Each structure stands twice: as C-alpha cells, then as structure tokens.
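Trainee: Please find query02.cif (mmCIF, C-alpha atoms, pLDDT in the B column; chains and numbers go by the auth columns) on the next line:
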data_data
#
loop_
_atom_site.group_PDB
_atom_site.id
_atom_site.type_symbol
_atom_site.label_atom_id
_atom_site.label_comp_id
_atom_site.label_asym_id
_atom_site.label_seq_id
_atom_site.Cartn_x
_atom_site.Cartn_y
_atom_site.Cartn_z
_atom_site.B_iso_or_equiv
_atom_site.auth_seq_id
_atom_site.auth_asym_id
ATOM 1 C CA MET A 1 211.630 274.164 30.690 50.00 1 A
ATOM 2 C CA GLY A 2 211.688 276.886 33.381 54.00 2 A
ATOM 3 C CA ALA A 3 207.860 276.927 33.565 54.00 3 A
ATOM 4 C CA VAL A 4 207.748 273.140 34.040 49.00 4 A
ATOM 5 C CA ARG A 5 210.319 273.312 36.829 54.00 5 A
ATOM 6 C CA LEU A 6 208.459 276.165 38.521 47.00 6 A
ATOM 7 C CA THR A 7 205.174 274.261 38.280 49.00 7 A
ATOM 8 C CA TYR A 8 206.828 271.141 39.664 48.00 8 A
ATOM 9 C CA LEU A 9 208.323 273.057 42.608 47.00 9 A
ATOM 10 C CA PHE A 10 204.975 274.725 43.311 48.00 10 A
ATOM 11 C CA LEU A 11 203.148 271.371 43.300 46.00 11 A
ATOM 12 C CA ALA A 12 205.782 269.701 45.473 47.00 12 A
ATOM 13 C CA SER A 13 205.669 272.576 47.982 50.00 13 A
ATOM 14 C CA PHE A 14 201.883 272.566 48.004 47.00 14 A
ATOM 15 C CA LEU A 15 201.665 268.815 48.541 45.00 15 A
ATOM 16 C CA ALA A 16 204.302 268.917 51.283 44.00 16 A
ATOM 17 C CA ALA A 17 202.293 271.579 53.103 46.00 17 A
ATOM 18 C CA CYS A 18 199.121 269.466 52.862 46.00 18 A
ATOM 19 C CA VAL A 19 200.482 266.564 54.901 50.00 19 A
ATOM 20 C CA SER A 20 202.017 266.976 58.313 58.00 20 A
ATOM 21 C CA ASP A 21 203.588 264.626 60.809 58.00 21 A
ATOM 22 C CA SER A 22 201.165 262.678 62.990 60.00 22 A
ATOM 23 C CA PHE A 23 201.654 260.581 66.098 58.00 23 A
ATOM 24 C CA SER A 24 199.667 257.814 67.752 57.00 24 A
ATOM 25 C CA VAL A 25 200.277 256.005 71.023 63.00 25 A
ATOM 26 C CA ARG A 26 199.297 252.331 70.883 67.00 26 A
ATOM 27 C CA ASP A 27 196.745 251.517 73.604 65.00 27 A
ATOM 28 C CA PRO A 28 197.368 254.737 75.546 66.00 28 A
ATOM 29 C CA VAL A 29 196.769 254.827 79.291 70.00 29 A
ATOM 30 C CA GLN A 30 195.375 257.793 81.112 66.00 30 A
ATOM 31 C CA ALA A 31 197.801 259.235 83.619 58.00 31 A
ATOM 32 C CA ARG A 32 196.073 258.952 86.982 59.00 32 A
ATOM 33 C CA ALA A 33 197.490 260.283 90.169 55.00 33 A
ATOM 34 C CA PRO A 34 197.331 257.825 93.049 57.00 34 A
ATOM 35 C CA SER A 35 195.151 258.921 95.959 68.00 35 A
ATOM 36 C CA SER A 36 198.354 259.435 97.932 82.00 36 A
ATOM 37 C CA VAL A 37 202.034 259.117 97.148 91.00 37 A
ATOM 38 C CA LEU A 38 203.356 255.573 97.376 92.00 38 A
ATOM 39 C CA ALA A 39 206.562 256.748 99.072 93.00 39 A
ATOM 40 C CA SER A 40 207.914 260.132 100.075 94.00 40 A
ATOM 41 C CA GLU A 41 211.205 259.455 98.306 96.00 41 A
ATOM 42 C CA VAL A 42 212.845 256.767 96.213 97.00 42 A
ATOM 43 C CA ILE A 43 216.119 256.232 94.449 97.00 43 A
ATOM 44 C CA LEU A 44 215.841 255.519 90.734 97.00 44 A
ATOM 45 C CA GLU A 45 218.501 253.159 89.381 97.00 45 A
ATOM 46 C CA LEU A 46 218.225 252.958 85.622 96.00 46 A
ATOM 47 C CA ASP A 47 219.895 250.892 82.948 95.00 47 A
ATOM 48 C CA ASP A 48 218.875 252.496 79.646 94.00 48 A
ATOM 49 C CA SER A 49 221.873 251.322 77.637 92.00 49 A
ATOM 50 C CA GLY A 50 219.508 249.247 75.484 93.00 50 A
ATOM 51 C CA VAL A 51 217.458 252.270 74.375 93.00 51 A
ATOM 52 C CA ARG A 52 218.564 253.223 70.868 90.00 52 A
ATOM 53 C CA TRP A 53 216.847 256.602 70.999 87.00 53 A
ATOM 54 C CA GLY A 54 216.141 259.231 73.648 78.00 54 A
ATOM 55 C CA ALA A 55 219.653 260.686 73.947 80.00 55 A
ATOM 56 C CA GLY A 56 220.024 259.450 77.521 84.00 56 A
ATOM 57 C CA GLU A 57 216.927 261.305 78.749 87.00 57 A
ATOM 58 C CA VAL A 58 214.933 258.252 79.862 92.00 58 A
ATOM 59 C CA GLY A 59 215.852 258.665 83.543 93.00 59 A
ATOM 60 C CA ASN A 60 215.118 262.381 83.687 93.00 60 A
ATOM 61 C CA ALA A 61 211.789 261.886 81.895 91.00 61 A
ATOM 62 C CA LEU A 62 210.735 259.128 84.316 93.00 62 A
ATOM 63 C CA LYS A 63 211.890 261.149 87.316 95.00 63 A
ATOM 64 C CA THR A 64 209.885 264.195 86.248 93.00 64 A
ATOM 65 C CA ALA A 65 206.740 262.225 85.387 90.00 65 A
ATOM 66 C CA LEU A 66 206.728 260.125 88.581 93.00 66 A
ATOM 67 C CA VAL A 67 206.894 263.261 90.735 93.00 67 A
ATOM 68 C CA LYS A 68 204.454 265.234 88.564 91.00 68 A
ATOM 69 C CA ASN A 69 201.772 262.546 88.696 87.00 69 A
ATOM 70 C CA ARG A 70 202.276 262.148 92.464 90.00 70 A
ATOM 71 C CA THR A 71 203.457 258.536 92.436 92.00 71 A
ATOM 72 C CA PHE A 72 206.402 259.574 94.626 94.00 72 A
ATOM 73 C CA GLY A 73 207.162 262.731 96.566 94.00 73 A
ATOM 74 C CA GLN A 74 210.770 262.854 95.397 96.00 74 A
ATOM 75 C CA VAL A 75 212.792 260.739 92.958 96.00 75 A
ATOM 76 C CA HIS A 76 216.564 260.860 93.310 97.00 76 A
ATOM 77 C CA TYR A 77 218.238 260.539 89.910 96.00 77 A
ATOM 78 C CA PRO A 78 221.033 260.825 88.709 94.00 78 A
ATOM 79 C CA ILE A 79 222.449 262.350 91.898 93.00 79 A
ATOM 80 C CA TYR A 80 221.735 260.363 95.047 94.00 80 A
ATOM 81 C CA PRO A 81 221.403 261.808 98.564 94.00 81 A
ATOM 82 C CA THR A 82 223.895 261.202 101.335 94.00 82 A
ATOM 83 C CA HIS A 83 221.160 260.060 103.727 95.00 83 A
ATOM 84 C CA PRO A 84 219.772 256.520 103.418 94.00 84 A
ATOM 85 C CA VAL A 85 216.641 256.072 101.320 95.00 85 A
ATOM 86 C CA PRO A 86 214.925 252.747 102.066 95.00 86 A
ATOM 87 C CA ILE A 87 213.273 252.275 98.641 96.00 87 A
ATOM 88 C CA THR A 88 215.021 251.826 95.311 96.00 88 A
ATOM 89 C CA LEU A 89 213.202 251.610 91.998 97.00 89 A
ATOM 90 C CA LEU A 90 215.200 249.388 89.610 97.00 90 A
ATOM 91 C CA VAL A 91 214.415 249.968 85.929 97.00 91 A
ATOM 92 C CA SER A 92 215.997 248.173 82.986 97.00 92 A
ATOM 93 C CA ALA A 93 214.823 249.670 79.683 96.00 93 A
ATOM 94 C CA ARG A 94 215.195 248.599 76.068 96.00 94 A
ATOM 95 C CA GLY A 95 214.033 250.675 73.104 93.00 95 A
ATOM 96 C CA ASP A 96 214.155 250.551 69.350 92.00 96 A
ATOM 97 C CA ILE A 97 212.839 252.247 66.236 86.00 97 A
ATOM 98 C CA GLU A 98 211.002 250.105 63.704 85.00 98 A
ATOM 99 C CA THR A 99 210.599 251.511 60.202 76.00 99 A
ATOM 100 C CA ASP A 100 208.329 250.606 57.324 69.00 100 A
ATOM 101 C CA GLY A 101 209.563 247.324 55.896 54.00 101 A
ATOM 102 C CA GLY A 102 208.718 246.404 52.310 51.00 102 A
ATOM 103 C CA GLU A 103 205.927 248.956 52.270 56.00 103 A
ATOM 104 C CA GLY A 104 208.448 251.762 52.776 51.00 104 A
ATOM 105 C CA PHE A 105 210.529 250.484 49.873 54.00 105 A
ATOM 106 C CA ALA A 106 207.456 250.404 47.608 53.00 106 A
ATOM 107 C CA LYS A 107 206.574 253.977 48.594 51.00 107 A
ATOM 108 C CA SER A 108 210.133 255.126 47.878 56.00 108 A
ATOM 109 C CA PHE A 109 210.027 253.439 44.455 56.00 109 A
ATOM 110 C CA VAL A 110 206.707 255.088 43.562 52.00 110 A
ATOM 111 C CA THR A 111 208.028 258.466 44.717 53.00 111 A
ATOM 112 C CA GLY A 112 211.125 258.141 42.507 55.00 112 A
ATOM 113 C CA PHE A 113 209.148 256.751 39.565 49.00 113 A
ATOM 114 C CA LEU A 114 206.790 259.744 39.661 49.00 114 A
ATOM 115 C CA LEU A 115 209.734 262.181 39.808 49.00 115 A
ATOM 116 C CA PHE A 116 209.213 263.009 43.494 50.00 116 A
ATOM 117 C CA LEU A 117 205.756 264.481 42.861 48.00 117 A
ATOM 118 C CA PRO A 118 204.078 262.528 45.718 48.00 118 A
ATOM 119 C CA VAL A 119 206.916 263.317 48.160 50.00 119 A
ATOM 120 C CA GLY A 120 204.653 265.379 50.431 52.00 120 A
ATOM 121 C CA VAL A 121 201.681 263.018 50.261 53.00 121 A
ATOM 122 C CA LEU A 122 203.041 259.552 50.949 59.00 122 A
ATOM 123 C CA GLN A 123 203.463 258.888 54.649 65.00 123 A
ATOM 124 C CA TYR A 124 206.230 256.753 56.126 68.00 124 A
ATOM 125 C CA ARG A 125 205.964 255.232 59.595 71.00 125 A
ATOM 126 C CA ASP A 126 208.581 254.917 62.295 79.00 126 A
ATOM 127 C CA THR A 127 207.476 253.196 65.490 87.00 127 A
ATOM 128 C CA PHE A 128 209.330 254.097 68.676 88.00 128 A
ATOM 129 C CA THR A 129 209.133 251.275 71.219 93.00 129 A
ATOM 130 C CA ILE A 130 210.348 251.120 74.786 94.00 130 A
ATOM 131 C CA SER A 131 209.950 248.271 77.228 96.00 131 A
ATOM 132 C CA ALA A 132 211.002 248.275 80.843 96.00 132 A
ATOM 133 C CA GLU A 133 211.428 245.668 83.532 97.00 133 A
ATOM 134 C CA VAL A 134 210.776 247.302 86.890 97.00 134 A
ATOM 135 C CA SER A 135 211.465 246.008 90.396 97.00 135 A
ATOM 136 C CA VAL A 136 211.269 247.604 93.817 97.00 136 A
ATOM 137 C CA LEU A 137 213.991 247.033 96.392 96.00 137 A
ATOM 138 C CA ARG A 138 212.923 247.831 99.969 94.00 138 A
ATOM 139 C CA GLU A 139 215.047 247.021 103.001 90.00 139 A
ATOM 140 C CA GLY A 140 216.802 244.121 101.310 89.00 140 A
ATOM 141 C CA ARG A 141 213.616 242.594 99.818 94.00 141 A
ATOM 142 C CA LYS A 142 212.957 242.630 96.095 96.00 142 A
ATOM 143 C CA PHE A 143 209.423 242.983 94.721 96.00 143 A
ATOM 144 C CA GLY A 144 208.460 242.441 91.113 91.00 144 A
ATOM 145 C CA PRO A 145 209.453 242.489 88.356 96.00 145 A
ATOM 146 C CA LEU A 146 206.790 244.245 86.315 96.00 146 A
ATOM 147 C CA THR A 147 207.157 244.384 82.536 96.00 147 A
ATOM 148 C CA LEU A 148 205.800 247.434 80.732 95.00 148 A
ATOM 149 C CA GLU A 149 205.855 248.534 77.101 95.00 149 A
ATOM 150 C CA SER A 150 205.007 251.681 75.196 93.00 150 A
ATOM 151 C CA ARG A 151 204.782 252.121 71.422 92.00 151 A
ATOM 152 C CA VAL A 152 204.375 255.380 69.512 89.00 152 A
ATOM 153 C CA ALA A 153 203.938 255.492 65.736 84.00 153 A
ATOM 154 C CA ALA A 154 205.232 258.598 63.955 79.00 154 A
ATOM 155 C CA ASP A 155 203.931 259.116 60.420 73.00 155 A
ATOM 156 C CA HIS A 156 206.050 261.501 58.352 54.00 156 A
ATOM 157 C CA THR A 157 206.892 262.384 54.778 59.00 157 A
ATOM 158 C CA LEU A 158 209.981 261.121 52.977 53.00 158 A
ATOM 159 C CA PHE A 159 212.148 264.183 53.423 53.00 159 A
ATOM 160 C CA SER A 160 211.109 265.001 56.990 53.00 160 A
ATOM 161 C CA GLY A 161 214.335 264.964 58.936 55.00 161 A
ATOM 162 C CA PRO A 162 214.220 262.876 62.124 56.00 162 A
ATOM 163 C CA GLU A 163 214.742 266.017 64.194 61.00 163 A
ATOM 164 C CA SER A 164 211.312 267.223 63.073 66.00 164 A
ATOM 165 C CA TYR A 165 209.343 264.266 64.451 73.00 165 A
ATOM 166 C CA ALA A 166 211.620 262.050 66.572 79.00 166 A
ATOM 167 C CA ALA A 167 211.793 264.290 69.646 83.00 167 A
ATOM 168 C CA HIS A 168 208.010 264.492 69.879 81.00 168 A
ATOM 169 C CA ALA A 169 207.563 260.730 69.378 84.00 169 A
ATOM 170 C CA GLU A 170 210.211 260.023 72.033 89.00 170 A
ATOM 171 C CA GLN A 171 208.519 262.373 74.499 89.00 171 A
ATOM 172 C CA LEU A 172 205.139 260.691 73.946 88.00 172 A
ATOM 173 C CA ALA A 173 206.659 257.216 74.424 91.00 173 A
ATOM 174 C CA LEU A 174 208.373 258.206 77.693 91.00 174 A
ATOM 175 C CA GLU A 175 205.238 259.925 79.047 90.00 175 A
ATOM 176 C CA ASP A 176 203.178 256.846 78.220 91.00 176 A
ATOM 177 C CA LEU A 177 205.754 254.549 79.846 93.00 177 A
ATOM 178 C CA ALA A 178 205.728 256.691 83.012 91.00 178 A
ATOM 179 C CA ALA A 179 201.912 256.604 83.112 91.00 179 A
ATOM 180 C CA ARG A 180 201.972 252.807 82.755 92.00 180 A
ATOM 181 C CA LEU A 181 204.620 252.575 85.474 93.00 181 A
ATOM 182 C CA SER A 182 202.581 254.733 87.864 90.00 182 A
ATOM 183 C CA GLY A 183 199.466 252.666 87.262 90.00 183 A
ATOM 184 C CA ALA A 184 201.293 249.355 87.730 92.00 184 A
ATOM 185 C CA LEU A 185 203.010 250.473 90.947 92.00 185 A
ATOM 186 C CA ALA A 186 199.742 251.866 92.353 90.00 186 A
ATOM 187 C CA GLN A 187 198.365 248.297 92.204 91.00 187 A
ATOM 188 C CA HIS A 188 201.077 247.187 94.654 93.00 188 A
ATOM 189 C CA PRO A 189 201.037 249.650 97.582 91.00 189 A
ATOM 190 C CA GLU A 190 202.259 246.883 99.896 93.00 190 A
ATOM 191 C CA TRP A 191 205.655 247.051 98.178 94.00 191 A
ATOM 192 C CA PHE A 192 206.201 250.508 99.658 91.00 192 A
ATOM 193 C CA SER A 193 204.997 250.144 103.245 85.00 193 A
ATOM 194 C CA PRO A 194 207.000 248.368 105.974 75.00 194 A
#
Show me this structure written as structure tokens.
Mentor:
Amino acid sequence: MGAVRLTYLFLASFLAACVSDSFSVRDPVQARAPSSVLASEVILELDDSGVRWGAGEVGNALKTALVKNRTFGQVHYPIYPTHPVPITLLVSARGDIETDGGEGFAKSFVTGFLLFLPVGVLQYRDTFTISAEVSVLREGRKFGPLTLESRVAADHTLFSGPESYAAHAEQLALEDLAARLSGALAQHPEWFSP
C-alpha cells in the first residue's frame, strides 16, 4: 500500500508541476503615451465600492498608470491639494469575478472520480472583470461619460490558492483599464483645454 501511495504522490506532484497558471487579457489595448499630457494635474475622485476584488487598490493603480503613461502630469489621489485644481476625473468602477459554471463542476467531479490524479492537469478559469464609467469635470462643466471594460481570464489548477494567481490577474486588469482610459481620454483633448 505504501508503494501505491508513493507512486500516487509522485504522479500528482509531477502533473501539478507540468501545468502552471496562465493569464489572458480579452482584446488587449497597447498602452500609448499621448503626444503631450492632457493636463498638468487632475483630481481623481473614485467610487470603487462595486469592485469585489482589488483590495481597494483601484485608485492607486489608476493614479500610477495615468502618470506613468503621460496622460496627466500629476494625479491627486487619495490626498487632495489645498490649491484649486480645475479638472476632476470622476470614475465609478464595478468589478466581479466569474468562475467556471457547469464546466467547473464537471471538472471537479472527474477529478474526484479519478482519485485526484488529474488535479494538476485540469485547468479552471476565473475571469476578473472591471468596468468603469468616466467623466471629466472642468470649471463646472461635465464631459462624458465614457464606459470602459477590461476582462482578464486566469486559468489555474484546482488546488491553486487565489493568492497565487489573483494578484497577477487583478494587476493585469487594472493596467488594461488604465490603458483603455488613457486612449479614450486622448480622443477628447478638448475636454481638458479652456
């Protein structure tokens, strides 16, 4: 019995090592820096209470990406300056995680039926989605809204803990959302000039 258990553990370990987590962004956009910044500074007002993942990092991720890709010179978030800033970027975000439906159940059944032998081979999919409605408020006038969405699929094995793949999938989704936001705002430079 000990030899069978050892063989089983060896096979399970070997199969688990053969398959690793993989990620894919649906319809990815290339992050392009605008020819010049749209505004030297903006205030970011964010409502991310509808994002079920991300641990409250949506605002910081957007802030970093919008400065890094030169959409804005400076983004004030979550601390706002004491001097007046004429442009406010209003973002309302919603995000969810979709898991394999019936297909995931069938895979779990097969895994149990075969005594967990295919545990490292069968892939399960979680899709991290985030959508945002974005408006620009400049000197009392509101421009927009723009609606953007990003989706990242994370394929993982049954016993992969979420901490092993979720953080990377979340980062990819937020980077893609920021790239989409930069591209959409670059098409409306008139929103930022008086």
Trainee: Using the chain letters and numbering of this document, enumerate as a list in words the residues selected by the PyMOL selection byres ((chain A and resi 74) around 7).
Mentor: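 Listing what the PyMOL selection byres ((chain A and resi 74) around 7) selects in the shown file: Ser40, Glu41, Val42, Val67, Phe72, Gly73, Val75 and His76 of chain A.
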Trainee: Return as a PDB file with C-alpha atoms, keeping the file's coordinate frame the set of residues that the PyMOL selection byres ((chain A and resi 179) around 12) yields on the displayed structure.
Mentor:
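Okay, this is what ended up in expr_3.pdb:
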ATOM      1  CA  ASP A  27     196.745 251.517  73.604  1.00 65.00           C
ATOM      2  CA  PRO A  28     197.368 254.737  75.546  1.00 66.00           C
ATOM      3  CA  VAL A  29     196.769 254.827  79.291  1.00 70.00           C
ATOM      4  CA  GLN A  30     195.375 257.793  81.112  1.00 66.00           C
ATOM      5  CA  ALA A  31     197.801 259.235  83.619  1.00 58.00           C
ATOM      6  CA  ARG A  32     196.073 258.952  86.982  1.00 59.00           C
ATOM      7  CA  ALA A  33     197.490 260.283  90.169  1.00 55.00           C
ATOM      8  CA  PRO A  34     197.331 257.825  93.049  1.00 57.00           C
ATOM      9  CA  ALA A  61     211.789 261.886  81.895  1.00 91.00           C
ATOM     10  CA  LEU A  62     210.735 259.128  84.316  1.00 93.00           C
ATOM     11  CA  LYS A  63     211.890 261.149  87.316  1.00 95.00           C
ATOM     12  CA  THR A  64     209.885 264.195  86.248  1.00 93.00           C
ATOM     13  CA  ALA A  65     206.740 262.225  85.387  1.00 90.00           C
ATOM     14  CA  LEU A  66     206.728 260.125  88.581  1.00 93.00           C
ATOM     15  CA  VAL A  67     206.894 263.261  90.735  1.00 93.00           C
ATOM     16  CA  LYS A  68     204.454 265.234  88.564  1.00 91.00           C
ATOM     17  CA  ASN A  69     201.772 262.546  88.696  1.00 87.00           C
ATOM     18  CA  ARG A  70     202.276 262.148  92.464  1.00 90.00           C
ATOM     19  CA  THR A  71     203.457 258.536  92.436  1.00 92.00           C
ATOM     20  CA  LEU A 148     205.800 247.434  80.732  1.00 95.00           C
ATOM     21  CA  GLU A 149     205.855 248.534  77.101  1.00 95.00           C
ATOM     22  CA  SER A 150     205.007 251.681  75.196  1.00 93.00           C
ATOM     23  CA  LEU A 172     205.139 260.691  73.946  1.00 88.00           C
ATOM     24  CA  ALA A 173     206.659 257.216  74.424  1.00 91.00           C
ATOM     25  CA  LEU A 174     208.373 258.206  77.693  1.00 91.00           C
ATOM     26  CA  GLU A 175     205.238 259.925  79.047  1.00 90.00           C
ATOM     27  CA  ASP A 176     203.178 256.846  78.220  1.00 91.00           C
ATOM     28  CA  LEU A 177     205.754 254.549  79.846  1.00 93.00           C
ATOM     29  CA  ALA A 178     205.728 256.691  83.012  1.00 91.00           C
ATOM     30  CA  ARG A 180     201.972 252.807  82.755  1.00 92.00           C
ATOM     31  CA  LEU A 181     204.620 252.575  85.474  1.00 93.00           C
ATOM     32  CA  SER A 182     202.581 254.733  87.864  1.00 90.00           C
ATOM     33  CA  GLY A 183     199.466 252.666  87.262  1.00 90.00           C
ATOM     34  CA  ALA A 184     201.293 249.355  87.730  1.00 92.00           C
ATOM     35  CA  LEU A 185     203.010 250.473  90.947  1.00 92.00           C
ATOM     36  CA  ALA A 186     199.742 251.866  92.353  1.00 90.00           C
TER      37      ALA A 186
END
Trainee: Hey, can you check how far atom CA of Arg141 of chain A sits from atom CA of Val85 of chain A?
Mentor: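 So the two atoms, atom CA of Arg141 of chain A and atom CA of Val85 of chain A, lie 13.9 Å apart.
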Trainee: Given the PyMOL selection byres ((chain A and resi 44) around 8) and the file above, list the residues it selects as a list in words.
Mentor: Val42, Ile43, Glu45, Leu46, Gly59, Lys63, Val75, His76, Tyr77, Pro78, Thr88, Leu89, Leu90 and Val91 of chain A
Trainee: Using all atoms listed in the file, pick whichever of A:Asp126, A:Phe192, A:His168, A:Pro86 has the shortest atom-to-atom distance to Val37 of chain A.
Mentor: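 Of A:Asp126, A:Phe192, A:His168, A:Pro86, the one nearest Val37 of chain A is A:Phe192, counting all atoms listed in the file.
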Trainee: Can you pull out the residues contacting Glu133 of chain A? Cut-off 6 Å, using all atoms listed in the file, and skip same-chain residues under 5 positions away; I want them as a list in words.
Mentor: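 Here the qualifying residues turn out to be Val91, Ser92, Leu146 and Thr147 of chain A.
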Trainee: Between atom CA of Leu137 of chain A and atom CA of Leu38 of chain A, what is the distance in Å, rounded to a tenth?
Mentor: 13.7 Å
Trainee: With all atoms of segment 40-44 of chain A from the file as input, state the centre and edge lengths in Å to one decimal of the axis-aligned box that has 6 Å extra on each side, as AutoDock Vina command-line options.
Mentor:
--center_x 212.0 --center_y 257.8 --center_z 95.4 --size_x 20.2 --size_y 16.6 --size_z 21.3
Trainee: Between A:Glu139, A:Thr99, A:Glu170, A:Ala55, single out the one closest to Asp155 of chain A, counting only C-alpha atoms.
Mentor: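 Closest candidate: A:Thr99.
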Trainee: Point out the residue among A:Thr129, A:Tyr80, A:Pro194, A:Asp47 with the least atom-to-atom distance to Ala169 of chain A, counting all atoms listed in the file.
Mentor: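 Of A:Thr129, A:Tyr80, A:Pro194, A:Asp47, the one nearest Ala169 of chain A, counting all atoms listed in the file, is A:Thr129.
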Trainee: Suppose you want the space between atom CA of Ala132 of chain A and atom CA of Gln187 of chain A; what is it in Å?
Mentor: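 Interatomic distance, atom CA of Ala132 of chain A to atom CA of Gln187 of chain A: 17.0 Å.
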Trainee: Check the smallest atom-to-atom distance from each of A:Ser49, A:Ser135, A:Gln171, A:Ser36 to Ala93 of chain A using only C-alpha atoms, then report the winner.
Mentor: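 Among A:Ser49, A:Ser135, A:Gln171, A:Ser36, it is A:Ser49 that comes nearest to Ala93 of chain A.
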Trainee: Counting all atoms listed in the file, I want the residues whose atoms come within 7 Å of (216.9, 249.3, 75.7) in the file frame, returned as a PyMOL selection string.
Mentor: chain A and resi 48-52+93-95+130
